[in-house]
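Next comes query35.txt, with compact mmCIF, C-alpha atoms.
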# COMPACT_ATOMS: atom_id res chain seq x y z
CA MET T 1 3.24 -26.84 -14.56
CA THR T 2 1.90 -23.29 -14.30
CA PRO T 3 2.15 -21.37 -17.61
CA GLU T 4 4.93 -18.76 -17.67
CA HIS T 5 2.46 -15.85 -17.80
CA LEU T 6 0.50 -16.98 -14.73
CA ASP T 7 1.10 -17.05 -11.02
CA ASP T 8 0.85 -20.47 -9.38
CA PRO T 9 -2.66 -20.85 -7.84
CA GLU T 10 -1.23 -22.72 -4.86
CA LEU T 11 1.26 -19.90 -4.18
CA ARG T 12 -1.55 -17.35 -4.44
CA ALA T 13 -3.65 -19.37 -1.99
CA HIS T 14 -0.80 -19.68 0.52
CA THR T 15 -0.04 -15.96 0.25
CA GLY T 16 -3.70 -15.15 0.88
CA TRP T 17 -3.74 -17.33 3.98
CA LEU T 18 -0.56 -15.70 5.30
CA LEU T 19 -2.04 -12.22 4.87
CA ARG T 20 -5.31 -13.19 6.53
CA GLY T 21 -3.47 -14.85 9.41
CA GLY T 22 -1.15 -11.88 9.94
CA SER T 23 -4.01 -9.39 9.86
CA ALA T 24 -6.11 -11.48 12.26
CA ALA T 25 -3.26 -11.96 14.77
CA ALA T 26 -2.25 -8.31 14.68
CA GLY T 27 -5.86 -7.13 14.86
CA THR T 28 -6.53 -9.31 17.91
CA LEU T 29 -3.50 -7.93 19.77
CA LEU T 30 -4.34 -4.33 18.86
CA ALA T 31 -7.95 -4.77 20.00
CA GLY T 32 -6.71 -6.30 23.27
CA GLY T 33 -4.38 -3.34 23.74
CA LEU T 34 -7.14 -0.83 23.16
CA LEU T 35 -9.25 -2.64 25.75
CA GLN T 36 -6.39 -2.36 28.25
CA ALA T 37 -6.07 1.34 27.45
CA ALA T 38 -9.80 1.81 28.01
CA LEU T 39 -9.41 0.12 31.41
CA GLY T 40 -6.70 2.65 32.33
CA ARG T 41 -3.71 0.30 32.08
CA PRO T 42 -1.30 2.10 29.75
CA ASP T 43 1.68 -0.22 30.37
CA SER T 44 -0.39 -3.31 29.70
CA ALA T 45 -1.87 -1.66 26.60
CA ALA T 46 1.58 -1.05 25.16
CA ALA T 47 2.56 -4.66 25.92
CA TRP T 48 -0.35 -5.84 23.74
CA ILE T 49 -0.15 -3.25 21.00
CA LEU T 50 3.58 -3.28 20.27
CA PRO T 51 3.65 -7.00 19.29
CA GLY T 52 0.54 -6.35 17.20
CA ILE T 53 2.30 -3.56 15.30
CA VAL T 54 5.39 -5.73 14.87
CA ILE T 55 3.29 -8.61 13.47
CA MET T 56 1.47 -6.21 11.16
CA ILE T 57 4.67 -4.76 9.67
CA THR T 58 6.44 -8.13 9.61
CA THR T 59 3.66 -9.80 7.61
CA PRO T 60 4.73 -8.21 4.29
CA VAL T 61 8.29 -9.41 4.95
CA ALA T 62 7.02 -12.95 5.56
CA ARG T 63 4.96 -12.59 2.39
CA VAL T 64 8.06 -11.82 0.33
CA ALA T 65 9.90 -14.79 1.88
CA LEU T 66 6.96 -17.07 1.05
CA ILE T 67 6.81 -15.82 -2.53
CA ALA T 68 10.59 -16.23 -2.97
CA ALA T 69 10.36 -19.80 -1.67
CA GLY T 70 7.35 -20.48 -3.90
CA PHE T 71 9.13 -19.26 -7.03
CA GLY T 72 12.17 -21.35 -6.06
CA ARG T 73 10.01 -24.45 -5.58
CA GLN T 74 8.61 -23.94 -9.10
CA GLY T 75 12.09 -23.50 -10.57
CA ARG T 76 11.35 -19.91 -11.64
CA TRP T 77 14.79 -18.76 -10.59
CA ARG T 78 14.70 -15.23 -12.02
CA PHE T 79 11.66 -14.35 -9.93
CA CYS T 80 13.07 -16.24 -6.97
CA ALA T 81 16.26 -14.13 -7.17
CA VAL T 82 14.32 -10.86 -7.49
CA SER T 83 12.10 -11.76 -4.51
CA ALA T 84 15.16 -12.79 -2.48
CA ALA T 85 16.80 -9.42 -3.27
CA VAL T 86 13.66 -7.60 -2.05
CA LEU T 87 13.75 -9.71 1.11
CA PHE T 88 17.43 -8.87 1.64
CA LEU T 89 16.68 -5.14 1.35
CA LEU T 90 13.74 -5.42 3.74
CA ILE T 91 15.90 -7.17 6.33
CA GLY T 92 18.46 -4.40 5.76
CA GLY T 93 15.70 -1.92 6.62
CA ILE T 94 14.95 -3.78 9.84
CA PHE T 95 18.65 -3.68 10.77
CA LEU T 96 18.78 0.06 10.03
CA GLY T 97 15.65 0.57 12.12
CA ARG T 98 17.27 -1.04 15.14
CA HIS T 99 20.53 0.87 14.84
CA HIS T 100 19.54 4.18 13.25
CA MET O 1 -13.83 9.68 22.04
CA GLU O 2 -10.68 10.66 20.15
CA LEU O 3 -9.81 6.98 19.70
CA LEU O 4 -13.22 6.34 18.15
CA VAL O 5 -12.72 9.22 15.72
CA LEU O 6 -9.26 7.86 14.87
CA SER O 7 -10.80 4.44 14.14
CA LEU O 8 -13.39 6.07 11.88
CA LEU O 9 -10.60 7.96 10.12
CA GLY O 10 -8.76 4.64 9.70
CA ALA O 11 -11.90 2.97 8.35
CA ALA O 12 -12.42 5.75 5.79
CA THR O 13 -8.75 5.54 4.83
CA GLY O 14 -8.84 1.77 4.47
CA LEU O 15 -12.04 1.93 2.44
CA LEU O 16 -10.72 4.53 0.00
CA GLY O 17 -7.29 2.95 -0.11
CA ALA O 18 -8.61 -0.51 -0.96
CA LEU O 19 -11.07 0.93 -3.51
CA LEU O 20 -8.46 2.99 -5.35
CA GLY O 21 -5.44 0.71 -5.11
CA ILE O 22 -3.55 3.10 -2.85
CA GLY O 23 -2.52 2.71 0.78
CA GLY O 24 -4.55 5.64 2.02
CA GLY O 25 -1.68 7.29 3.89
CA VAL O 26 -1.92 10.25 1.53
CA PHE O 27 -5.42 10.84 2.90
CA MET O 28 -4.82 10.01 6.56
CA ILE O 29 -1.51 11.69 7.40
CA PRO O 30 -2.66 15.26 6.61
CA MET O 31 -5.79 14.66 8.70
CA LEU O 32 -3.68 13.48 11.64
CA VAL O 33 -1.44 16.53 11.39
CA LEU O 34 -4.14 19.11 10.76
CA TYR O 35 -6.98 17.91 12.98
CA PHE O 36 -5.34 15.77 15.69
CA ASN O 37 -2.18 17.88 16.11
CA THR O 38 -0.07 14.76 15.68
CA PRO O 39 3.63 15.52 15.14
CA VAL O 40 4.49 14.97 11.48
CA ALA O 41 6.99 12.18 12.18
CA HIS O 42 4.42 10.30 14.32
CA ALA O 43 1.73 10.83 11.69
CA VAL O 44 4.06 9.40 9.06
CA GLY O 45 4.84 6.39 11.28
CA MET O 46 1.12 5.79 11.87
CA GLY O 47 0.48 6.25 8.16
CA LEU O 48 3.02 3.58 7.28
CA VAL O 49 1.37 1.04 9.59
CA ALA O 50 -2.04 2.00 8.15
CA VAL O 51 -0.71 1.49 4.61
CA ILE O 52 0.57 -1.97 5.59
CA ALA O 53 -2.77 -2.85 7.18
CA THR O 54 -4.62 -1.79 4.02
CA SER O 55 -2.24 -3.82 1.85
CA ASN O 56 -2.47 -6.92 4.05
CA SER O 57 -6.26 -6.79 4.24
CA ALA O 58 -6.94 -5.96 0.57
CA GLY O 59 -4.16 -8.27 -0.63
CA SER O 60 -5.60 -11.25 1.25
CA VAL O 61 -8.68 -10.98 -0.99
CA ASN O 62 -7.10 -9.76 -4.25
CA VAL O 63 -4.32 -12.35 -4.41
CA GLY O 64 -6.82 -15.18 -4.22
CA GLN O 65 -8.85 -13.67 -7.06
CA GLY O 66 -5.80 -13.50 -9.33
CA THR O 67 -5.89 -9.73 -9.92
CA VAL O 68 -2.51 -9.39 -8.17
CA ASN O 69 0.40 -10.10 -10.55
CA LEU O 70 2.98 -11.53 -8.11
CA ARG O 71 5.85 -11.58 -10.65
CA LEU O 72 5.32 -7.99 -11.76
CA GLY O 73 4.84 -6.90 -8.16
CA MET O 74 8.16 -8.40 -7.07
CA VAL O 75 10.11 -6.93 -10.02
CA LEU O 76 8.77 -3.41 -9.46
CA GLU O 77 9.15 -3.84 -5.71
CA LEU O 78 12.90 -4.24 -6.06
CA ALA O 79 13.16 -0.62 -7.27
CA THR O 80 10.56 0.60 -4.81
CA VAL O 81 12.23 -0.80 -1.68
CA LEU O 82 15.56 0.76 -2.67
CA GLY O 83 13.83 4.14 -2.95
CA ALA O 84 11.93 3.63 0.31
CA LEU O 85 15.07 2.98 2.33
CA ALA O 86 16.74 6.09 0.89
CA GLY O 87 13.64 8.19 1.57
CA ALA O 88 13.26 7.00 5.17
CA LEU O 89 16.90 7.75 5.95
CA LEU O 90 16.47 11.25 4.53
CA ALA O 91 13.20 11.83 6.43
CA GLY O 92 14.95 11.51 9.79
CA ARG O 93 16.95 14.61 8.90
CA ALA O 94 14.21 16.64 7.23
CA ALA O 95 12.48 19.61 8.93
CA PRO O 96 8.72 19.20 9.67
CA ASN O 97 7.79 22.30 7.67
CA ILE O 98 9.56 20.93 4.62
CA LEU O 99 7.64 17.65 4.95
CA ILE O 100 4.33 19.52 5.33
CA GLY O 101 5.08 21.69 2.30
CA LEU O 102 6.12 18.65 0.25
CA PHE O 103 2.91 16.94 1.24
CA GLY O 104 0.82 19.91 0.18
CA ILE O 105 2.45 20.08 -3.23
CA LEU O 106 2.16 16.31 -3.56
CA LEU O 107 -1.55 16.36 -2.77
CA ALA O 108 -2.15 18.97 -5.46
CA VAL O 109 -0.41 16.70 -7.97
CA PHE O 110 -2.39 13.71 -6.75
CA SER O 111 -5.68 15.56 -7.16
CA VAL O 112 -4.90 16.24 -10.83
CA LEU O 113 -3.75 12.63 -11.39
CA MET O 114 -6.88 11.22 -9.84
CA TRP O 115 -9.23 13.66 -11.62
CA ARG O 116 -7.68 12.81 -14.98
CA SER O 117 -7.59 9.05 -14.44
CA PRO O 118 -9.67 7.18 -17.05
CA ALA O 119 -13.43 7.20 -16.56
CA ASP O 120 -13.60 3.69 -17.94
CA PRO O 121 -11.23 1.61 -15.82
CA ASN O 122 -10.86 -0.97 -18.61
CA ASP O 123 -10.18 1.33 -21.56
CA SER O 124 -6.52 0.33 -21.90
CA ARG O 125 -7.08 -3.40 -21.54
CA LEU O 126 -5.21 -5.57 -24.02
CA ASP O 127 -6.67 -8.87 -25.08
CA SER O 128 -3.63 -10.27 -26.94
CA GLU O 129 -2.42 -13.72 -25.96
CA PRO O 130 0.01 -13.31 -23.06
CA SER O 131 3.47 -14.72 -23.64
CA GLY O 132 5.94 -12.56 -21.71
CA PRO O 133 7.26 -13.35 -18.24
CA LEU O 134 5.39 -10.40 -16.68
CA ASP O 135 2.12 -10.79 -18.59
CA GLY O 136 -0.97 -11.92 -16.79
CA GLU O 137 -4.62 -12.77 -16.79
CA TYR O 138 -7.51 -12.88 -14.35
CA PHE O 139 -11.24 -13.45 -14.31
CA ASP O 140 -13.29 -10.24 -14.10
CA ALA O 141 -16.50 -11.17 -12.27
CA ALA O 142 -18.16 -7.83 -13.09
CA GLU O 143 -17.73 -8.45 -16.84
CA ASN O 144 -17.98 -12.24 -16.57
CA ARG O 145 -14.93 -12.70 -18.78
CA ARG O 146 -11.23 -13.56 -18.60
CA VAL O 147 -8.92 -10.55 -19.09
CA ARG O 148 -5.45 -11.08 -20.57
CA TYR O 149 -2.78 -8.39 -20.73
CA HIS O 150 0.80 -7.74 -21.87
CA MET O 151 3.27 -5.82 -19.69
CA LYS O 152 5.21 -3.15 -21.63
CA ALA O 153 7.54 -0.21 -20.84
CA LEU O 154 9.21 -1.95 -17.89
CA PRO O 155 11.93 0.78 -17.51
CA ILE O 156 9.22 3.42 -16.97
CA GLY O 157 7.55 1.19 -14.40
CA MET O 158 10.87 0.64 -12.62
CA GLY O 159 11.72 4.37 -12.62
CA VAL O 160 8.38 5.41 -11.21
CA SER O 161 8.57 2.61 -8.64
CA LEU O 162 11.95 3.94 -7.46
CA ALA O 163 10.53 7.47 -7.10
CA ALA O 164 7.37 6.20 -5.42
CA GLY O 165 9.50 4.26 -2.94
CA ALA O 166 11.50 7.37 -2.05
CA LEU O 167 8.29 9.30 -1.47
CA SER O 168 6.99 6.48 0.69
CA GLY O 169 10.02 6.57 2.95
CA LEU O 170 10.03 10.36 3.04
CA LEU O 171 6.34 10.98 3.57
CA GLY O 172 4.89 7.73 4.92
CA ILE O 173 2.63 7.03 1.96
CA GLY O 174 2.48 3.89 -0.14
CA GLY O 175 3.20 5.57 -3.46
CA GLY O 176 0.25 3.86 -5.11
CA VAL O 177 -1.13 7.13 -6.43
CA PHE O 178 1.91 7.30 -8.71
CA LYS O 179 2.26 3.61 -9.52
CA VAL O 180 -1.35 2.80 -10.42
CA PRO O 181 -1.73 5.48 -13.15
CA VAL O 182 1.69 4.67 -14.63
CA MET O 183 1.10 0.92 -14.63
CA HIS O 184 -2.27 1.47 -16.25
CA LEU O 185 -1.49 4.27 -18.73
CA TYR O 186 2.07 3.40 -19.77
CA CYS O 187 2.61 -0.29 -18.96
CA GLY O 188 -0.67 -1.63 -20.37
CA ILE O 189 -1.87 -3.20 -17.13
CA PRO O 190 -5.69 -3.24 -16.76
CA MET O 191 -6.86 -0.89 -14.02
CA LYS O 192 -8.08 -3.65 -11.70
CA ALA O 193 -4.80 -5.55 -11.97
CA ALA O 194 -2.76 -2.34 -11.60
CA ALA O 195 -4.69 -1.34 -8.49
CA ALA O 196 -4.51 -4.80 -6.93
CA THR O 197 -0.79 -5.25 -7.70
CA SER O 198 0.00 -1.76 -6.43
CA ASN O 199 -1.99 -2.40 -3.26
CA PHE O 200 -0.06 -5.63 -2.79
CA MET O 201 3.29 -3.87 -3.27
CA ILE O 202 2.70 -0.87 -1.03
CA GLY O 203 2.61 -3.02 2.07
CA VAL O 204 6.13 -4.27 1.31
CA THR O 205 7.31 -0.75 0.48
CA ALA O 206 5.89 0.67 3.68
CA ALA O 207 7.38 -2.17 5.75
CA ALA O 208 10.87 -1.16 4.61
CA SER O 209 10.35 2.29 6.12
CA ALA O 210 8.10 1.31 9.05
CA PHE O 211 10.91 -0.52 10.84
CA LEU O 212 12.96 2.69 10.72
CA TYR O 213 10.12 4.69 12.30
CA LEU O 214 9.51 1.94 14.88
CA GLY O 215 13.21 1.99 15.76
CA ARG O 216 13.04 5.77 16.26
CA GLY O 217 9.99 5.44 18.55
CA GLN O 218 7.81 7.36 16.08
CA ILE O 219 4.85 4.96 16.04
CA PRO O 220 2.63 5.86 19.03
CA THR O 221 0.98 2.66 20.26
CA VAL O 222 -2.61 3.45 21.34
CA PRO O 223 -3.54 5.90 18.53
CA THR O 224 -1.96 3.56 15.97
CA ALA O 225 -3.99 0.61 17.30
CA ALA O 226 -7.20 2.64 16.96
CA VAL O 227 -6.35 3.70 13.41
CA VAL O 228 -5.27 0.23 12.26
CA LEU O 229 -8.37 -1.53 13.57
CA GLY O 230 -10.45 0.95 11.60
CA VAL O 231 -8.27 0.41 8.53
CA LEU O 232 -8.76 -3.38 8.65
CA VAL O 233 -12.54 -3.00 8.67
CA GLY O 234 -12.51 -0.28 6.00
CA ALA O 235 -10.15 -2.17 3.68
CA TRP O 236 -12.29 -5.29 3.89
CA ALA O 237 -15.36 -3.23 2.98
CA GLY O 238 -13.40 -1.51 0.19
CA THR O 239 -12.36 -4.74 -1.50
CA THR O 240 -15.94 -5.99 -1.30
CA LEU O 241 -17.30 -2.78 -2.81
CA ASN O 242 -14.60 -2.70 -5.48
CA ARG O 243 -16.16 -5.68 -7.23
CA LYS O 244 -19.62 -4.12 -7.32
CA ILE O 245 -19.41 -0.39 -8.08
CA THR O 246 -17.64 1.93 -10.49
CA ASP O 247 -15.00 4.00 -8.76
CA ARG O 248 -15.17 7.04 -11.06
CA ALA O 249 -17.40 9.11 -8.78
CA VAL O 250 -15.43 8.13 -5.69
CA ARG O 251 -12.12 9.08 -7.31
CA ARG O 252 -13.41 12.48 -8.43
CA ALA O 253 -14.83 13.26 -4.99
CA PHE O 254 -11.53 12.20 -3.45
CA SER O 255 -9.70 14.44 -5.91
CA LEU O 256 -11.65 17.47 -4.69
CA LEU O 257 -10.90 16.53 -1.10
CA LEU O 258 -7.19 16.36 -1.90
CA VAL O 259 -7.31 19.87 -3.39
CA LEU O 260 -8.68 21.23 -0.12
CA LEU O 261 -6.16 19.30 1.97
CA SER O 262 -3.24 20.39 -0.21
CA MET O 263 -4.20 24.05 0.14
CA GLN O 264 -4.35 23.68 3.91
CA MET O 265 -1.00 21.91 4.11
CA ILE O 266 0.79 24.42 1.88
CA PHE O 267 -0.71 27.30 3.88
CA ARG O 268 0.45 25.72 7.14
CA ALA O 269 3.95 25.08 5.80
CA PHE O 270 4.38 28.75 4.88
CA HIS O 271 2.55 30.02 7.98
CA ASP O 272 4.73 28.03 10.42
CA ALA O 273 7.97 28.64 8.57

Full structure transcribed into structure tokens:
Amino acid sequence: MTPEHLDDPELRAHTGWLLRGGSAAAGTLLAGGLLQAALGRPDSAAAWILPGIVIMITTPVARVALIAAGFGRQGRWRFCAVSAAVLFLLIGGIFLGRHH
Amino acid sequence: MELLVLSLLGAATGLLGALLGIGGGVFMIPMLVLYFNTPVAHAVGMGLVAVIATSNSAGSVNVGQGTVNLRLGMVLELATVLGALAGALLAGRAAPNILIGLFGILLAVFSVLMWRSPADPNDSRLDSEPSGPLDGEYFDAAENRRVRYHMKALPIGMGVSLAAGALSGLLGIGGGVFKVPVMHLYCGIPMKAAAATSNFMIGVTAAASAFLYLGRGQIPTVPTAAVVLGVLVGAWAGTTLNRKITDRAVRRAFSLLLVLLSMQMIFRAFHDA
């Protein structure tokens, strides 16, 4: 059982992997898009870059979901509830972005 | 050629942002507006994505090292995201000149905050046995010792987080320049933990606003890709350097740069009004 004043090492490791994976996937798509732009294919460039941007800005949302689930798995319900509330607000932001 | 310069700007932003515990948008957005003639709304959108990239890249290293306090980050983030959503909604209705003027004033404040930040990044460290739910500890490789700390003045931290979130949504910055000094000076969080936790949070804060800018079509694809690739490289270098060098000289140099940028932004706001 992780002491109350510490973060669970396993949760920290999983969060680190998520951030590295998100950055790598987004970076690959953005680099591919820039290559397309350099080759004079603007439509193809946008088709690569836009998913890269979406992955980049979705990664923090996925991070919050992972942390909320991790706190829940450890039975740290106060932090699980706080993280879930942050996630709810973030999803609200996405909804506003699509309809604003 | 312009894309290469944008990537270099992103790399410098990511480097400074990761070193100082801020997103770097405060540095990049004025440059985009002043030297690349990017519309303010697009510069803010690009800045938000750059902030997220810095946070993702730096956070992937810092969270594994234990300097990020996940519990504290989530609690403060609750206030920050609320502020960010309000700020982003307001930004869609704000005039560009007002945003530029606000940025100029903000940069002047930032320069003072950064100049006055403690020379010794560990001078407010507390070594009492942690017992509270938001306390923490981590191993400081530079000092070869375990640092323990107690979180205090949570209402101040929450209030500043709310304000920082509003500024993030309004101006496209991460708000770390406010949160790091307050966490360190008033909440008793060691500088390294404050910077790492702030850096971790700003990505979430910026994401709340970034979707709004993406929905409004205010994140130009190709320039953003160039900037973000630079940011990823710069942030990785920044987190590596952060463990090896003192940041006092870097922060003071950056403070002087902010003074110059703030003067230019304020001048432009009045000149174009």

Using all atoms listed in the file, I'd like a table of the residues in chain T that come within 7 Å of chain O; for each, show the closest atom pair and its distance in Å rounded to one decimal, ordered by chain and ascending number, as JSON lines.
{"residue": "T:Glu4", "atom": "CA", "partner": "O:Pro133", "partner_atom": "CA", "distance": 5.9}
{"residue": "T:His5", "atom": "CA", "partner": "O:Asp135", "partner_atom": "CA", "distance": 5.1}
{"residue": "T:Leu6", "atom": "CA", "partner": "O:Gly136", "partner_atom": "CA", "distance": 5.7}
{"residue": "T:Asp7", "atom": "CA", "partner": "O:Leu70", "partner_atom": "CA", "distance": 6.5}
{"residue": "T:Arg12", "atom": "CA", "partner": "O:Gly64", "partner_atom": "CA", "distance": 5.7}
{"residue": "T:Ala13", "atom": "CA", "partner": "O:Gly64", "partner_atom": "CA", "distance": 5.7}
{"residue": "T:Gly16", "atom": "CA", "partner": "O:Ser60", "partner_atom": "CA", "distance": 4.4}
{"residue": "T:Trp17", "atom": "CA", "partner": "O:Ser60", "partner_atom": "CA", "distance": 6.9}
{"residue": "T:Leu19", "atom": "CA", "partner": "O:Ser60", "partner_atom": "CA", "distance": 5.2}
{"residue": "T:Arg20", "atom": "CA", "partner": "O:Ser60", "partner_atom": "CA", "distance": 5.6}
{"residue": "T:Ser23", "atom": "CA", "partner": "O:Asn56", "partner_atom": "CA", "distance": 6.5}
{"residue": "T:Gly27", "atom": "CA", "partner": "O:Leu229", "partner_atom": "CA", "distance": 6.3}
{"residue": "T:Leu30", "atom": "CA", "partner": "O:Ala225", "partner_atom": "CA", "distance": 5.2}
{"residue": "T:Leu34", "atom": "CA", "partner": "O:Val222", "partner_atom": "CA", "distance": 6.5}
{"residue": "T:Ala46", "atom": "CA", "partner": "O:Thr221", "partner_atom": "CA", "distance": 6.2}
{"residue": "T:Ile49", "atom": "CA", "partner": "O:Thr221", "partner_atom": "CA", "distance": 6.1}
{"residue": "T:Leu50", "atom": "CA", "partner": "O:Thr221", "partner_atom": "CA", "distance": 6.5}
{"residue": "T:Met56", "atom": "CA", "partner": "O:Ala53", "partner_atom": "CA", "distance": 6.7}
{"residue": "T:Ile57", "atom": "CA", "partner": "O:Ala207", "partner_atom": "CA", "distance": 5.4}
{"residue": "T:Pro60", "atom": "CA", "partner": "O:Val204", "partner_atom": "CA", "distance": 5.1}
{"residue": "T:Val61", "atom": "CA", "partner": "O:Val204", "partner_atom": "CA", "distance": 6.7}
{"residue": "T:Phe79", "atom": "CA", "partner": "O:Arg71", "partner_atom": "CA", "distance": 6.5}
{"residue": "T:Val82", "atom": "CA", "partner": "O:Val75", "partner_atom": "CA", "distance": 6.3}
{"residue": "T:Ser83", "atom": "CA", "partner": "O:Met74", "partner_atom": "CA", "distance": 5.8}
{"residue": "T:Val86", "atom": "CA", "partner": "O:Leu78", "partner_atom": "CA", "distance": 5.3}
{"residue": "T:Leu89", "atom": "CA", "partner": "O:Val81", "partner_atom": "CA", "distance": 6.9}
{"residue": "T:Leu90", "atom": "CA", "partner": "O:Ala208", "partner_atom": "CA", "distance": 5.2}
{"residue": "T:Gly93", "atom": "CA", "partner": "O:Ala208", "partner_atom": "CA", "distance": 5.3}
{"residue": "T:Ile94", "atom": "CA", "partner": "O:Phe211", "partner_atom": "CA", "distance": 5.3}
{"residue": "T:Leu96", "atom": "CA", "partner": "O:Leu212", "partner_atom": "CA", "distance": 6.4}
{"residue": "T:Gly97", "atom": "CA", "partner": "O:Leu212", "partner_atom": "CA", "distance": 3.7}
{"residue": "T:Arg98", "atom": "CA", "partner": "O:Gly215", "partner_atom": "CA", "distance": 5.1}

Straight-line distance linking CA of Gly24 in chain O with CA of Leu29 in chain T, stated in Å to one decimal: 22.4 Å

Ranking T:Leu87, T:Cys80, T:Ala31, T:Val64 by minimum distance to Ala45 in chain T and counting all atoms listed in the file, which one comes first?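 Of T:Leu87, T:Cys80, T:Ala31, T:Val64, the one nearest Ala45 in chain T, counting all atoms listed in the file, is T:Ala31.
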
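Shortest atom-to-atom contact with Gln74 in chain T among T:Ala26, T:Ala38, T:Leu11, T:Ile91: T:Leu11, counting all atoms listed in the file.
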
CA of Ile105 in chain O to CA of Ala269 in chain O, straight-line distance in Å: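 It comes out at 10.4 Å.
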
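Going from CA of Gly175 in chain O to CA of Leu154 in chain O covers 17.3 Å.
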
Need the shell around range 259-267 of chain O: protein/DNA/RNA residues with any atom at most 8 Å away, counting only C-alpha atoms. Skip same-chain ones fewer than 2 positions apart. Format as a list in words? Pro30, Leu34, Ile100, Gly101, Phe103, Gly104, Ile105, Leu106, Leu107, Ala108, Ser111, Ser255, Leu256, Leu257, Ala269, Phe270 and His271 of chain O
